[in-house]
Amino acid sequence: MEEIPAPEVQKTDQPQRPVFLTVVCILTFIGSGLSFISSMVIGIFHDLFIRVMEEVAKTIDLPGMEMISQASPSFFIASAVLYLAALAGAFEMWRLHKRGFHIYTVAQILSVMAPMYFLHLSSPGIVDMILSGIFILFYGSQLKYMS
């Protein structure tokens, strides 16, 4: 009987992305990706969005709807740009580049602060601060795998 040679395993010098980093990046791709799309669409179709919001407000009382409906198109466009920056940072971290962490962190900090500027709020949203902080900590814990 003839022996079948075992397939050769190719070794690469490229570092492997940890599973945790992969999961966090995928969550960012989903969350920031959907937020980018919605912010961009609302910014572009702002007048239509306001009319729809006013109709919805007649039947459903949602907290914060009044504040969102008073936001200018520039708020949504700025938010879209910041979500796009967060996506770019996550993509760089996906490729194991440390600069992505810095891009992502700046984008998140500005995203938390943007409503204060555009909506004239006295403090940032606590939920936004907590979620952004958690993701920054998650990514920060993975810096040792990035170059």
# chains A, B, ... in the order shown; residues from 1 in each chain; ligands from 1
>>> residues_around(residues="Val23 (chain A)", least_positions_apart="3", cutoff="12 Å", atoms="only C-alpha atoms", output="ChimeraX atom specification")
/A:17-20,26-30,90,93-94,135,138-139,142
>>> write_last_selection(atoms="N, CA and C atoms", output="JSON list (two decimals), in the first residue's frame")
[["chain", "number", "residue", "atom", "x", "y", "z"],
["A", 17, "ARG", "N", -4.87, 37.53, 14.18],
["A", 17, "ARG", "CA", -5.76, 38.42, 14.92],
["A", 17, "ARG", "C", -6.48, 37.59, 15.99],
["A", 18, "PRO", "N", -6.42, 38.04, 17.26],
["A", 18, "PRO", "CA", -7.11, 37.31, 18.32],
["A", 18, "PRO", "C", -8.63, 37.30, 18.10],
["A", 19, "VAL", "N", -9.28, 36.26, 18.58],
["A", 19, "VAL", "CA", -10.72, 36.11, 18.42],
["A", 19, "VAL", "C", -11.45, 37.30, 19.05],
["A", 20, "PHE", "N", -11.02, 37.73, 20.23],
["A", 20, "PHE", "CA", -11.70, 38.83, 20.91],
["A", 20, "PHE", "C", -11.64, 40.10, 20.07],
["A", 26, "ILE", "N", -16.01, 43.29, 14.52],
["A", 26, "ILE", "CA", -17.27, 42.98, 13.84],
["A", 26, "ILE", "C", -18.43, 43.75, 14.46],
["A", 27, "LEU", "N", -18.47, 43.82, 15.77],
["A", 27, "LEU", "CA", -19.50, 44.62, 16.45],
["A", 27, "LEU", "C", -19.42, 46.08, 16.04],
["A", 28, "THR", "N", -18.21, 46.60, 15.91],
["A", 28, "THR", "CA", -18.03, 47.99, 15.47],
["A", 28, "THR", "C", -18.45, 48.15, 14.02],
["A", 29, "PHE", "N", -18.10, 47.20, 13.16],
["A", 29, "PHE", "CA", -18.51, 47.28, 11.76],
["A", 29, "PHE", "C", -20.04, 47.34, 11.66],
["A", 30, "ILE", "N", -20.72, 46.56, 12.47],
["A", 30, "ILE", "CA", -22.18, 46.54, 12.44],
["A", 30, "ILE", "C", -22.75, 47.85, 13.01],
["A", 90, "ALA", "N", -11.50, 50.95, 13.14],
["A", 90, "ALA", "CA", -11.74, 49.52, 13.37],
["A", 90, "ALA", "C", -11.12, 48.68, 12.25],
["A", 93, "MET", "N", -7.50, 48.41, 12.92],
["A", 93, "MET", "CA", -7.24, 47.45, 14.00],
["A", 93, "MET", "C", -7.47, 46.02, 13.52],
["A", 94, "TRP", "N", -8.43, 45.82, 12.64],
["A", 94, "TRP", "CA", -8.67, 44.52, 12.01],
["A", 94, "TRP", "C", -7.39, 44.05, 11.32],
["A", 135, "PHE", "N", -15.87, 50.09, 24.68],
["A", 135, "PHE", "CA", -15.21, 49.67, 23.43],
["A", 135, "PHE", "C", -13.77, 50.17, 23.36],
["A", 138, "PHE", "N", -11.92, 47.79, 25.50],
["A", 138, "PHE", "CA", -11.78, 46.51, 24.81],
["A", 138, "PHE", "C", -10.65, 46.58, 23.78],
["A", 139, "TYR", "N", -10.68, 47.62, 22.94],
["A", 139, "TYR", "CA", -9.64, 47.76, 21.93],
["A", 139, "TYR", "C", -8.27, 48.00, 22.59],
["A", 142, "GLN", "N", -6.27, 45.09, 23.48],
["A", 142, "GLN", "CA", -5.75, 44.31, 22.36],
["A", 142, "GLN", "C", -4.57, 44.98, 21.67]]
>>> residues_around(residues="region 71-84 of chain A", least_positions_apart="5", cutoff="6 Å", atoms="only C-alpha atoms", output="PyMOL selection string")
chain A and resi 32+36+39-40+43+46+107+118
>>> residues_around(residues="region 64-66 of chain A", least_positions_apart="5", cutoff="12 Å", atoms="only C-alpha atoms", output="NGL selection string")
:A and (49-50 or 52-58 or 71 or 119 or 125)
>>> closest_residue(among="A:Ile44, A:Gly31, A:Lys144, A:Val24", to="Lys98 (chain A)", atoms="only C-alpha atoms")
A:Lys144
>>> residues_around(residues="Phe101 (chain A)", least_positions_apart="2", cutoff="10 Å", atoms="only C-alpha atoms", output="ChimeraX atom specification")
/A:86,88-93,96-99,103-107,136,139-140,142-143,146
>>> select_by_dssp(residues="region 11-133 of chain A", states="alpha helix (DSSP H)", output="PyMOL selection string")
chain A and resi 19-44+46-59+65-69+73-94+99-118+126-133
>>> residues_around(residues="Ile126 (chain A)", least_positions_apart="6", cutoff="12 Å", atoms="only C-alpha atoms", output="ChimeraX atom specification")
/A:112-113,115,132-133
>>> closest_residue(among="A:Pro15, A:Gly33, A:Pro124, A:Pro63", to="Leu87 (chain A)", atoms="only C-alpha atoms")
A:Gly33
